[in-house]
Amino acid sequence: MKSDLSPNQLHPFPSVLAESERGEFLLNVEGLVARLNNGVRIVDDISFSIKQGETFALLGESGCGKSMTALSLMRLLPDGIRVASGDIKLDEEDILALPEYAMRKVRGGQMAMIFQEPGLSLNPVMTVGDQIAEALKLHQKLRGDEIRPRCVELLEQVGISDAPRRANEYPFQLSGGMKQRVMIAMALAGQPKMLIADETTTALDVTIQAQVLKLLRDTQQKTGMALLLITHDLGVVAQMAHQVGVMYAGQIIEQAPREQLFARPAHPYTQKLFAALPDAGRSGQPLAAIPGNVPPLGTSLAACRFAPRCDKAWALCHNQEPEWTQLENGQGVRCHLYTSQIESEKINLKVPLSPGLSTASGEVAGEEGRDCSLLQVENLQVHFPIHKGILQRTVGHVKAVDGVSMNIPAGRTLALVGESGCGKTTVGKALLQLITPTAGSVRFAGHELIGISARQLRKQRAGMQMIFQDPYASLNPKMRVAEILQEGMDALSIANNSDERQRRIDELLEQVGLEKASKWRYPHEFSGGQRQRIAIARVLAVNPNLLICDEPTSALDVSVQAQILNLLKSLQQELKLSYLFISHNLAVVEYLAHEVYVMYLGRIVERGTVEEVLHASKHPYTQALLSAVPRIDGQGMKTVRLAGETPSPSHPPQGCHFHTRCAHAIAECRAVYPGETIISATHRVHCHLAAE
Amino acid sequence: MPVILWTDAMIFLLLATILAAALWIRKRPHLVLPWQRVAKGSVGMVSLLLLSLFVLVGLLDTMHYRAALPEKSNGQTVYSAEVLSVFDALAKGIKSRSEKTYSAPLAAYLYAKESMETPDGKILRDYPRLRYGGVHLADPQRELLGDVLKRTVIGALEGLLIGVLLITVSNMLLHFFVKLRTVGSSTGQIISNDSWIFTFTRTMKNKPYRALLITVLLLAMLLGVTANLAAVYHVLGTDKVGQDVLYLALKSIRTGLVIGTVTTLVMLPFALLLGIAAGYLRGWVDDVIQYLYTVLSSIPSVLLIAAAVLMMQVYIEMHPEWFETSAARADLRLLFLCLILGVTSWTGLCRLLRGETLKLRELEYIQAAQAFGVSSSRILTRHIVPNVMHIVLIAVVMDFSSLVLAEAVLSYVGVGVDPSTMSFGTLINSARLEMGREPMVWWTLAAAFGFMLVLVLAANLFADAVRDAFDPRLNRTEAVA
């Protein structure tokens, strides 16, 4: 993202309907308050309206109340939470006053909702056709023979090929992206005027996410329905929304048309949110992380909720809750900076988007250690046998990792990117010998790790450690922090006596930015970001040289993600650590990595430095991956849409694995797996087209 | 002469372990915390009180001895062949007053008609007066109800008085200890000036203490009424051979507790070790353990138990010289029954634990430990066991009640406890015939039912409270403070 972003660069990428064509306000929400039975306000005084054919995005971090807002609209709030006051009008009809039987007609008929997890929102024992038919019977009053054709028609409308056959299949036979399409088809069955999409694409890969977002846009264009998009992803908002409401701790703190919001965010929180996004432009400098965490529910109401984390806050912010202020350009904001008496102080609306920090000496550490190789991997293979029959005979292999070679120099970061199921996590675990590799060689600091005895392996354990994806599953809930940190030291006999260990634990906690007192607490008392810090402290306890980071920030909020990325970066400079960074988030990779390896179906298809791979990619798969990432500046590269989904690694396609989805595939691709083509000293690619 | 039977030894061992564990936990504040949370819940405390009453009766009944006989042979003291317990000595009154046959609760007449000779020589067939129940009444037909009511009221008042006295004394003790502890500290002055009434009112602001107080008073009243009535009546009637059912039910408590706890102790190591080993190690270990429990659970357990018990019975009968008393023989049979039940009942829990471990071993914190090179045994004890303990706790309590019931079923088949051992099983078994009798004898079953219900319910509720207190996720807010 560039700091000199101007509104005209943000051409309306999803040009659904021109402003004039959009109709009257379809949905009006006024002063909506939802609270727990004990009085805690989950959703606090929210007002917004959506026009016909318009997309309104509710943007916010986890726990800010955006899903609860959507559930209030559908009157599907869980037990214990109820709408306390407010007004919801859909097409001049008061939703909150409707009796339950009338509400059932509204749900699905006028207002439909799609949820986050496609695997959990379909009934596993009904065919998808039957599930769509259920909605048709209810809302369209279709009977008998009319249902099936309409079903197939809907499935075709959401882009499912071979729809008549798919209608008879069960959810487990469909992939994640297809399930989400079926969910959309079900939602469309009642021909709703409004569609609520609650984090609909969060669980999907970027290429599939791009497909689903395009489907939503196309559908909106055809039917003219309104779309309420709930997301935490600024990129998705940039692609989809017309109007954006930014939520924080139960309130909408800023509301603006998309172009204005991205050009001139008014609220300090929104400004920080943009600044916290990682990207290549700031790979040398620390990200502007927002200190602290999202406040828990039910914090005091007599102050601005963002004040404790805001660097522009003054006394008033801590004493009085700011009022909703409407700015002249149509932007609305809830911040004392914009209330009338302060206006005279000339608040600069054009706050630079990038943090005003001087370039840190980030590159220095990397350049020195380029030559001495810490980890060398040659032709690593991990095959899982497939057993069948009574005798459990091996009938085939899932080639999860099929001949991966890599080379990580000391003090550098190597990123491994690819869609889910391509085998990148398996590579990480095979390097640590958590999964026994089938073949190949792993040399760590000059010692071969494959085939050595358990005792010899234990000596090498301290050098290489792993940070896991889910901070909620990676810490034992029954152990206190001190015990968690001590475990590795005990197992590898790091410190001599218990005093020394306790001192080291204090030191580690300080290093990762936690209080010393926290060592006597249990993991559940910490937030996601703090837990990830504990996980980092745990691996640092044994003084490793190489950290394998398996999507360490994908479970975290954007503002917290920046804190963890900064921590990783500063630790690398301080301790000369090497990272193998496994991720699907290309923006994070661009920010953190020195070299990038792109993986597809267990093989590396392209490798090179960050600039080479992410800005001058040669492989069609890398290009497709890059173009599928929603960018917040709206500068989509030439759009390469990937059709279909990743094939199963148990039966990879003949020839080049990617040819089934590749737009440029030639006859040769179907026959032979392409060899390595050397583009430059560091840049290599496996593609027939690049070879020519 | 004190006698220590095999099950007595097991119970004392268990008690010693619990005491040692309590002392060990006391020194570690983070382990004390969950128990303090248990103390803050009213349901947990009330069920603990009830449970401890049962345990008290069970423990009194566990201290066995043989009474010295008055005559001596060659200057050596001779002991009676009958093994008594401290409980028997305390309940001597109701133990010794046995009637001829059935009598209803609080009755003055027998439940069966008998031919009696009247003074004028006629043979009359009528319900005779009881030998002990209500003998002090001249005309039971008229006086019984009034007497029962009078004794109830007096008993309740006496119980209430004792309850209040008990609470006052314990409150004074508490006050004294608080004083003793705070005297040394700087703030001690303020508290030590308060009267003990103040300590009382402050304690009463606590909800669990209030609930506990009410329960203590109610229980004291109930005990007072029972004691008062039991002095002259059979409160729960008598059984076929005229034994007091209240006494039988109280004696059954020990058998129930022994079967519940000792069986669990036998079963737990099997289930825990084999279950988590199978789940964590996989491979051939998993195969062997799975085959073992699949085979074991496909044999009808009643048949297996019957075969084992009958073999044991024959073996015991062939070696009468091993046992000094009949009680020792009955006791060994009880212990053996526990062992057999334990060996056959571990499969369910084992299967459950294997499944849970399969899930846990894929979690990232286990993999993190593996990446540190932590040994398998340490991963099992530090990571897996604490995280399956909630399942163990629930399963053990559930099993406790089903084991007491299993004993009843086995006694019915004839392979349960020794006929001379009193247990809920034998009570229920005898009720089988009594329920089919006309007029029906209902009180044996009712007594067994009531006692078992209270015991099992208290155990269930207490286990629930403990499990909740130990779940870190449920105690989020408090732990932070």
# chains A, B, ... in the order shown; residues from 1 in each chain; ligands from 1

$ select_by_dssp --residues "range 154-289 of chain B" --states "helix (DSSP H, G or I)" --output "short mmCIF file (atom, residue, chain, number, x, y, z; two decimals) with N, CA and C atoms, in the first residue's frame"
data_model
loop_
_atom_site.label_atom_id
_atom_site.label_comp_id
_atom_site.auth_asym_id
_atom_site.auth_seq_id
_atom_site.Cartn_x
_atom_site.Cartn_y
_atom_site.Cartn_z
N ILE B 154 -40.04 -34.41 70.58
CA ILE B 154 -38.95 -34.33 71.56
C ILE B 154 -37.62 -34.58 70.86
N GLY B 155 -37.62 -35.61 70.02
CA GLY B 155 -36.38 -35.93 69.29
C GLY B 155 -35.91 -34.78 68.42
N ALA B 156 -36.88 -34.14 67.73
CA ALA B 156 -36.52 -33.03 66.85
C ALA B 156 -35.93 -31.89 67.66
N LEU B 157 -36.56 -31.60 68.82
CA LEU B 157 -36.06 -30.51 69.64
C LEU B 157 -34.68 -30.82 70.18
N GLU B 158 -34.51 -32.04 70.64
CA GLU B 158 -33.20 -32.45 71.15
C GLU B 158 -32.14 -32.32 70.05
N GLY B 159 -32.51 -32.80 68.85
CA GLY B 159 -31.59 -32.73 67.72
C GLY B 159 -31.22 -31.30 67.40
N LEU B 160 -32.25 -30.43 67.42
CA LEU B 160 -32.04 -29.02 67.13
C LEU B 160 -31.08 -28.42 68.14
N LEU B 161 -31.30 -28.77 69.41
CA LEU B 161 -30.46 -28.26 70.49
C LEU B 161 -29.01 -28.69 70.26
N ILE B 162 -28.84 -29.97 69.99
CA ILE B 162 -27.48 -30.49 69.77
C ILE B 162 -26.86 -29.82 68.56
N GLY B 163 -27.67 -29.63 67.50
CA GLY B 163 -27.18 -28.99 66.28
C GLY B 163 -26.68 -27.59 66.58
N VAL B 164 -27.51 -26.81 67.31
CA VAL B 164 -27.13 -25.43 67.64
C VAL B 164 -25.86 -25.44 68.48
N LEU B 165 -25.81 -26.37 69.44
CA LEU B 165 -24.64 -26.49 70.30
C LEU B 165 -23.39 -26.77 69.45
N LEU B 166 -23.56 -27.71 68.52
CA LEU B 166 -22.45 -28.11 67.65
C LEU B 166 -21.94 -26.91 66.85
N ILE B 167 -22.89 -26.15 66.31
CA ILE B 167 -22.51 -24.99 65.48
C ILE B 167 -21.81 -23.95 66.34
N THR B 168 -22.35 -23.73 67.53
CA THR B 168 -21.74 -22.74 68.42
C THR B 168 -20.31 -23.14 68.75
N VAL B 169 -20.13 -24.41 69.11
CA VAL B 169 -18.80 -24.87 69.49
C VAL B 169 -17.85 -24.73 68.31
N SER B 170 -18.28 -25.16 67.11
CA SER B 170 -17.38 -25.09 65.96
C SER B 170 -17.09 -23.63 65.61
N ASN B 171 -18.08 -22.75 65.82
CA ASN B 171 -17.87 -21.34 65.55
C ASN B 171 -16.86 -20.74 66.52
N MET B 172 -16.98 -21.15 67.80
CA MET B 172 -16.01 -20.70 68.79
C MET B 172 -14.61 -21.15 68.40
N LEU B 173 -14.52 -22.41 67.98
CA LEU B 173 -13.22 -22.95 67.58
C LEU B 173 -12.65 -22.14 66.42
N LEU B 174 -13.51 -21.87 65.44
CA LEU B 174 -13.10 -21.10 64.27
C LEU B 174 -12.59 -19.73 64.70
N HIS B 175 -13.39 -19.10 65.59
CA HIS B 175 -13.03 -17.78 66.10
C HIS B 175 -11.66 -17.83 66.77
N PHE B 176 -11.48 -18.88 67.57
CA PHE B 176 -10.23 -19.05 68.30
C PHE B 176 -9.05 -19.18 67.34
N PHE B 177 -9.27 -19.97 66.27
CA PHE B 177 -8.17 -20.17 65.32
C PHE B 177 -7.84 -18.89 64.56
N VAL B 178 -8.90 -18.19 64.17
CA VAL B 178 -8.69 -16.92 63.46
C VAL B 178 -7.87 -15.99 64.32
N LYS B 179 -8.22 -15.93 65.61
CA LYS B 179 -7.52 -15.09 66.57
C LYS B 179 -6.05 -15.52 66.66
N LEU B 180 -5.88 -16.82 66.82
CA LEU B 180 -4.55 -17.38 66.99
C LEU B 180 -3.65 -17.00 65.81
N ARG B 181 -4.24 -17.03 64.62
CA ARG B 181 -3.44 -16.75 63.43
C ARG B 181 -3.13 -15.29 63.28
N THR B 182 -4.09 -14.44 63.67
CA THR B 182 -3.91 -13.02 63.40
C THR B 182 -3.20 -12.29 64.54
N VAL B 183 -3.07 -12.94 65.69
CA VAL B 183 -2.44 -12.28 66.82
C VAL B 183 -1.04 -11.80 66.46
N GLY B 188 -3.79 -7.97 63.51
CA GLY B 188 -4.41 -8.85 64.50
C GLY B 188 -5.24 -8.11 65.52
N GLN B 189 -4.81 -6.92 65.90
CA GLN B 189 -5.48 -6.17 66.95
C GLN B 189 -6.97 -5.98 66.67
N ILE B 190 -7.24 -5.61 65.43
CA ILE B 190 -8.61 -5.25 65.09
C ILE B 190 -9.53 -6.46 65.25
N ILE B 191 -9.10 -7.57 64.70
CA ILE B 191 -9.97 -8.73 64.70
C ILE B 191 -10.11 -9.31 66.11
N SER B 192 -9.04 -9.30 66.87
CA SER B 192 -9.09 -9.98 68.15
C SER B 192 -10.02 -9.28 69.13
N TRP B 196 -17.14 -13.36 69.43
CA TRP B 196 -17.33 -14.49 68.54
C TRP B 196 -18.63 -14.40 67.78
N ILE B 197 -19.58 -13.60 68.29
CA ILE B 197 -20.84 -13.40 67.57
C ILE B 197 -20.54 -12.77 66.21
N PHE B 198 -19.58 -11.84 66.25
CA PHE B 198 -19.25 -11.15 65.01
C PHE B 198 -18.70 -12.12 63.97
N THR B 199 -17.84 -13.02 64.43
CA THR B 199 -17.32 -14.04 63.51
C THR B 199 -18.47 -14.81 62.89
N PHE B 200 -19.46 -15.11 63.74
CA PHE B 200 -20.60 -15.89 63.27
C PHE B 200 -21.38 -15.14 62.19
N THR B 201 -21.73 -13.88 62.48
CA THR B 201 -22.54 -13.14 61.50
C THR B 201 -21.77 -12.94 60.21
N ARG B 202 -20.45 -12.78 60.32
CA ARG B 202 -19.67 -12.60 59.11
C ARG B 202 -19.65 -13.88 58.28
N THR B 203 -19.50 -15.00 58.96
CA THR B 203 -19.49 -16.27 58.26
C THR B 203 -20.84 -16.51 57.57
N MET B 204 -21.91 -16.07 58.23
CA MET B 204 -23.24 -16.34 57.68
C MET B 204 -23.52 -15.57 56.41
N LYS B 207 -22.94 -17.65 51.29
CA LYS B 207 -24.07 -18.51 50.90
C LYS B 207 -23.82 -19.98 51.22
N PRO B 208 -22.65 -20.55 50.85
CA PRO B 208 -22.44 -21.97 51.16
C PRO B 208 -22.51 -22.27 52.64
N TYR B 209 -22.02 -21.34 53.49
CA TYR B 209 -22.07 -21.61 54.92
C TYR B 209 -23.50 -21.61 55.41
N ARG B 210 -24.31 -20.72 54.83
CA ARG B 210 -25.72 -20.68 55.22
C ARG B 210 -26.37 -22.01 54.87
N ALA B 211 -26.12 -22.49 53.65
CA ALA B 211 -26.71 -23.76 53.21
C ALA B 211 -26.23 -24.88 54.10
N LEU B 212 -24.96 -24.84 54.46
CA LEU B 212 -24.38 -25.87 55.29
C LEU B 212 -25.04 -25.86 56.67
N LEU B 213 -25.24 -24.67 57.20
CA LEU B 213 -25.86 -24.52 58.52
C LEU B 213 -27.25 -25.14 58.52
N ILE B 214 -28.04 -24.81 57.49
CA ILE B 214 -29.40 -25.33 57.43
C ILE B 214 -29.36 -26.86 57.34
N THR B 215 -28.45 -27.38 56.52
CA THR B 215 -28.34 -28.83 56.38
C THR B 215 -27.96 -29.48 57.70
N VAL B 216 -27.01 -28.86 58.41
CA VAL B 216 -26.59 -29.43 59.70
C VAL B 216 -27.77 -29.49 60.65
N LEU B 217 -28.55 -28.41 60.70
CA LEU B 217 -29.69 -28.38 61.62
C LEU B 217 -30.72 -29.44 61.24
N LEU B 218 -31.03 -29.52 59.94
CA LEU B 218 -32.01 -30.50 59.49
C LEU B 218 -31.54 -31.92 59.80
N LEU B 219 -30.27 -32.18 59.52
CA LEU B 219 -29.74 -33.51 59.76
C LEU B 219 -29.75 -33.83 61.24
N ALA B 220 -29.40 -32.83 62.07
CA ALA B 220 -29.39 -33.04 63.52
C ALA B 220 -30.79 -33.40 63.99
N MET B 221 -31.81 -32.70 63.44
CA MET B 221 -33.18 -32.99 63.83
C MET B 221 -33.57 -34.41 63.39
N LEU B 222 -33.20 -34.76 62.17
CA LEU B 222 -33.54 -36.09 61.65
C LEU B 222 -32.90 -37.17 62.50
N LEU B 223 -31.64 -36.96 62.84
CA LEU B 223 -30.93 -37.95 63.65
C LEU B 223 -31.55 -38.04 65.04
N GLY B 224 -31.92 -36.86 65.60
CA GLY B 224 -32.54 -36.84 66.92
C GLY B 224 -33.82 -37.64 66.92
N VAL B 225 -34.67 -37.41 65.91
CA VAL B 225 -35.95 -38.13 65.80
C VAL B 225 -35.69 -39.63 65.69
N THR B 226 -34.75 -39.98 64.80
CA THR B 226 -34.48 -41.40 64.59
C THR B 226 -33.99 -42.06 65.87
N ALA B 227 -33.05 -41.39 66.55
CA ALA B 227 -32.49 -41.98 67.77
C ALA B 227 -33.56 -42.16 68.82
N ASN B 228 -34.40 -41.15 68.94
CA ASN B 228 -35.44 -41.20 69.95
C ASN B 228 -36.45 -42.31 69.69
N LEU B 229 -36.82 -42.48 68.41
CA LEU B 229 -37.80 -43.51 68.06
C LEU B 229 -37.17 -44.89 68.11
N ALA B 230 -35.89 -44.96 67.67
CA ALA B 230 -35.25 -46.26 67.58
C ALA B 230 -35.06 -46.89 68.96
N VAL B 245 -34.33 -53.41 60.25
CA VAL B 245 -33.90 -53.04 58.90
C VAL B 245 -32.99 -51.82 58.93
N LEU B 246 -33.23 -50.90 59.88
CA LEU B 246 -32.36 -49.72 59.98
C LEU B 246 -30.92 -50.17 60.22
N TYR B 247 -30.76 -51.15 61.10
CA TYR B 247 -29.42 -51.66 61.39
C TYR B 247 -28.81 -52.30 60.14
N LEU B 248 -29.62 -53.08 59.45
CA LEU B 248 -29.12 -53.74 58.22
C LEU B 248 -28.68 -52.70 57.20
N ALA B 249 -29.50 -51.67 57.04
CA ALA B 249 -29.19 -50.65 56.03
C ALA B 249 -27.90 -49.93 56.39
N LEU B 250 -27.75 -49.62 57.69
CA LEU B 250 -26.53 -48.92 58.11
C LEU B 250 -25.30 -49.81 57.92
N LYS B 251 -25.48 -51.12 58.20
CA LYS B 251 -24.36 -52.04 58.00
C LYS B 251 -24.02 -52.16 56.50
N SER B 252 -25.04 -52.01 55.65
CA SER B 252 -24.81 -52.16 54.21
C SER B 252 -23.93 -51.05 53.64
N ILE B 253 -23.90 -49.92 54.35
CA ILE B 253 -23.15 -48.77 53.82
C ILE B 253 -21.69 -49.16 53.60
N ARG B 254 -21.10 -49.86 54.57
CA ARG B 254 -19.69 -50.23 54.45
C ARG B 254 -19.48 -51.10 53.21
N THR B 255 -20.36 -52.12 53.05
CA THR B 255 -20.21 -53.00 51.90
C THR B 255 -20.28 -52.20 50.59
N GLY B 256 -21.25 -51.27 50.54
CA GLY B 256 -21.40 -50.45 49.34
C GLY B 256 -20.15 -49.63 49.07
N LEU B 257 -19.64 -48.99 50.12
CA LEU B 257 -18.45 -48.16 49.95
C LEU B 257 -17.26 -49.00 49.52
N VAL B 258 -17.11 -50.19 50.14
CA VAL B 258 -15.97 -51.05 49.78
C VAL B 258 -16.06 -51.46 48.32
N ILE B 259 -17.25 -51.90 47.92
CA ILE B 259 -17.38 -52.34 46.52
C ILE B 259 -17.16 -51.18 45.57
N GLY B 260 -17.68 -49.99 45.94
CA GLY B 260 -17.50 -48.84 45.07
C GLY B 260 -16.06 -48.40 44.96
N THR B 261 -15.36 -48.29 46.09
CA THR B 261 -14.01 -47.72 46.05
C THR B 261 -12.94 -48.74 45.70
N VAL B 262 -12.99 -49.92 46.33
CA VAL B 262 -11.92 -50.89 46.08
C VAL B 262 -11.97 -51.36 44.63
N THR B 263 -13.18 -51.58 44.11
CA THR B 263 -13.28 -51.98 42.71
C THR B 263 -12.71 -50.91 41.80
N THR B 264 -13.02 -49.65 42.11
CA THR B 264 -12.49 -48.56 41.31
C THR B 264 -10.98 -48.55 41.36
N LEU B 265 -10.43 -48.80 42.55
CA LEU B 265 -8.98 -48.81 42.69
C LEU B 265 -8.37 -49.92 41.84
N VAL B 266 -9.05 -51.05 41.76
CA VAL B 266 -8.53 -52.16 40.96
C VAL B 266 -8.63 -51.82 39.47
N MET B 267 -9.76 -51.18 39.12
CA MET B 267 -10.06 -50.96 37.72
C MET B 267 -9.24 -49.81 37.12
N LEU B 268 -9.01 -48.78 37.94
CA LEU B 268 -8.43 -47.55 37.44
C LEU B 268 -7.06 -47.73 36.78
N PRO B 269 -6.11 -48.42 37.42
CA PRO B 269 -4.81 -48.57 36.77
C PRO B 269 -4.91 -49.24 35.40
N PHE B 270 -5.74 -50.27 35.32
CA PHE B 270 -5.94 -50.95 34.03
C PHE B 270 -6.42 -49.95 32.99
N ALA B 271 -7.54 -49.29 33.33
CA ALA B 271 -8.20 -48.42 32.36
C ALA B 271 -7.28 -47.27 31.96
N LEU B 272 -6.67 -46.64 32.95
CA LEU B 272 -5.88 -45.45 32.69
C LEU B 272 -4.63 -45.80 31.89
N LEU B 273 -3.86 -46.76 32.40
CA LEU B 273 -2.59 -47.09 31.75
C LEU B 273 -2.82 -47.64 30.35
N LEU B 274 -3.67 -48.65 30.26
CA LEU B 274 -3.87 -49.28 28.96
C LEU B 274 -4.55 -48.32 27.99
N GLY B 275 -5.51 -47.54 28.48
CA GLY B 275 -6.24 -46.63 27.60
C GLY B 275 -5.33 -45.60 26.97
N ILE B 276 -4.55 -44.88 27.80
CA ILE B 276 -3.72 -43.83 27.22
C ILE B 276 -2.53 -44.41 26.47
N ALA B 277 -2.05 -45.58 26.91
CA ALA B 277 -0.95 -46.20 26.17
C ALA B 277 -1.41 -46.57 24.77
N ALA B 278 -2.61 -47.15 24.67
CA ALA B 278 -3.13 -47.54 23.36
C ALA B 278 -3.33 -46.31 22.48
N GLY B 279 -3.89 -45.25 23.07
CA GLY B 279 -4.19 -44.07 22.28
C GLY B 279 -2.95 -43.33 21.86
N TYR B 280 -1.95 -43.27 22.75
CA TYR B 280 -0.78 -42.45 22.44
C TYR B 280 0.24 -43.20 21.60
N LEU B 281 0.50 -44.46 21.95
CA LEU B 281 1.59 -45.18 21.27
C LEU B 281 1.16 -45.75 19.93
N GLY B 283 0.09 -48.25 16.91
CA GLY B 283 0.86 -49.41 16.45
C GLY B 283 0.44 -50.72 17.11
N TRP B 284 1.42 -51.60 17.35
CA TRP B 284 1.07 -52.93 17.87
C TRP B 284 0.54 -52.86 19.30
N VAL B 285 0.98 -51.87 20.09
CA VAL B 285 0.46 -51.74 21.45
C VAL B 285 -1.05 -51.54 21.41
N ASP B 286 -1.44 -50.63 20.52
CA ASP B 286 -2.86 -50.35 20.36
C ASP B 286 -3.61 -51.61 19.94
N ASP B 287 -3.04 -52.35 18.99
CA ASP B 287 -3.69 -53.57 18.51
C ASP B 287 -3.90 -54.57 19.65
N VAL B 288 -2.83 -54.80 20.42
CA VAL B 288 -2.91 -55.79 21.51
C VAL B 288 -3.97 -55.39 22.52
N ILE B 289 -3.92 -54.11 22.94
CA ILE B 289 -4.86 -53.66 23.97
C ILE B 289 -6.29 -53.70 23.45
#

$ interface_residues --of "chain B" --to "chain A" --cutoff "6 Å" --atoms "only C-alpha atoms" --output "list in words"
Glu364, Tyr365, Phe372, Gly373 and Val374 of chain B

$ atom_distance --atom1 "CA of Ala458 in chain B" --atom2 "CA of Val43 in chain B"
9.2 Å

$ residues_around --residues "Arg603 in chain A" --least-positions-apart "5" --cutoff "10 Å" --atoms "only C-alpha atoms" --output "list in words"
Asn379, Leu380, Gln381, Lys399, Ala400, Val401, Asp402, Gly403, Val404, Ser405, Cys422, Gly423, Lys424, Tyr597, Val598, His657 and His686 of chain A

$ write_last_selection --atoms "N, CA and C atoms" --output "short mmCIF file (atom, residue, chain, number, x, y, z; two decimals), in the first residue's frame"
data_model
loop_
_atom_site.label_atom_id
_atom_site.label_comp_id
_atom_site.auth_asym_id
_atom_site.auth_seq_id
_atom_site.Cartn_x
_atom_site.Cartn_y
_atom_site.Cartn_z
N ASN A 379 15.67 -33.24 -1.60
CA ASN A 379 14.71 -34.22 -2.10
C ASN A 379 13.90 -34.88 -0.98
N LEU A 380 13.36 -34.06 -0.09
CA LEU A 380 12.58 -34.60 1.03
C LEU A 380 11.25 -35.16 0.52
N GLN A 381 10.94 -36.39 0.95
CA GLN A 381 9.67 -37.00 0.55
C GLN A 381 8.94 -37.50 1.78
N LYS A 399 1.10 -38.66 -1.70
CA LYS A 399 2.42 -38.02 -1.73
C LYS A 399 2.28 -36.60 -1.20
N ALA A 400 2.29 -36.49 0.12
CA ALA A 400 2.06 -35.18 0.74
C ALA A 400 3.22 -34.25 0.43
N VAL A 401 4.43 -34.77 0.52
CA VAL A 401 5.62 -34.00 0.14
C VAL A 401 6.39 -34.87 -0.83
N ASP A 402 6.68 -34.33 -1.99
CA ASP A 402 7.23 -35.17 -3.04
C ASP A 402 8.48 -34.52 -3.62
N GLY A 403 9.60 -34.66 -2.93
CA GLY A 403 10.86 -34.15 -3.47
C GLY A 403 11.03 -32.67 -3.29
N VAL A 404 11.10 -32.23 -2.04
CA VAL A 404 11.31 -30.81 -1.78
C VAL A 404 12.76 -30.60 -1.37
N SER A 405 13.41 -29.64 -2.00
CA SER A 405 14.77 -29.27 -1.61
C SER A 405 14.76 -27.81 -1.22
N CYS A 422 -1.45 -28.42 0.37
CA CYS A 422 -0.35 -28.59 -0.57
C CYS A 422 0.84 -29.25 0.10
N GLY A 423 0.80 -29.43 1.41
CA GLY A 423 1.87 -30.16 2.09
C GLY A 423 2.87 -29.28 2.80
N LYS A 424 2.56 -28.00 2.98
CA LYS A 424 3.57 -27.12 3.57
C LYS A 424 3.76 -27.39 5.06
N TYR A 597 9.37 -19.76 -1.41
CA TYR A 597 9.18 -21.00 -2.15
C TYR A 597 7.68 -21.19 -2.32
N VAL A 598 7.24 -21.43 -3.55
CA VAL A 598 5.82 -21.66 -3.78
C VAL A 598 5.60 -23.16 -3.96
N HIS A 657 1.55 -31.01 -12.57
CA HIS A 657 0.41 -31.13 -11.66
C HIS A 657 -0.60 -30.02 -11.84
N HIS A 686 9.52 -24.31 -12.20
CA HIS A 686 9.20 -25.55 -12.90
C HIS A 686 8.02 -25.29 -13.82
#

$ residues_around --residues "Thr101 in chain B" --least-positions-apart "2" --cutoff "10 Å" --atoms "only C-alpha atoms" --output "number ranges by chain"
B: 98-99, 103, 110-112, 130, 237-243

$ closest_residue --among "B:Asn206, B:Val295, B:Val466, B:Leu455" --to "Leu53 in chain B" --atoms "only C-alpha atoms"
B:Leu455

$ closest_residue --among "A:Asp499, A:Glu510, A:Glu590, A:Glu92" --to "Glu612 in chain A" --atoms "only C-alpha atoms"
A:Glu590

$ residues_around --residues "Asp557 in chain A" --least-positions-apart "5" --cutoff "8 Å" --atoms "only C-alpha atoms" --output "list in words"
Glu61, Ser62 and His232 of chain A

$ residues_around --residues "Ala313 in chain A" --least-positions-apart "2" --cutoff "12 Å" --atoms "only C-alpha atoms" --output "short mmCIF file (atom, residue, chain, number, x, y, z; two decimals) with C-alpha atoms, in the first residue's frame"
data_model
loop_
_atom_site.label_atom_id
_atom_site.label_comp_id
_atom_site.auth_asym_id
_atom_site.auth_seq_id
_atom_site.Cartn_x
_atom_site.Cartn_y
_atom_site.Cartn_z
CA HIS A 267 -10.88 7.49 13.43
CA PRO A 268 -7.48 6.73 15.00
CA TYR A 269 -8.43 3.04 15.18
CA ALA A 303 -15.16 6.52 28.15
CA CYS A 304 -14.11 6.12 24.57
CA ARG A 305 -13.54 2.39 24.19
CA PHE A 306 -10.43 2.81 22.13
CA ALA A 307 -8.84 5.33 24.50
CA PRO A 308 -6.54 2.87 26.33
CA ARG A 309 -4.93 1.88 23.03
CA CYS A 310 -5.05 5.26 21.33
CA ASP A 311 -1.96 7.46 21.15
CA ALA A 315 -8.23 13.37 29.41
CA LEU A 316 -11.63 13.82 27.79
CA CYS A 317 -11.34 10.47 26.01
CA HIS A 318 -11.00 8.66 29.33
CA ASN A 319 -13.92 10.45 30.95
CA GLN A 320 -16.62 10.88 28.37
CA PRO A 322 -17.65 10.49 22.27
CA CYS A 335 -14.26 10.32 18.21
CA HIS A 336 -13.56 13.40 20.33
CA LEU A 337 -11.06 14.56 17.75
#
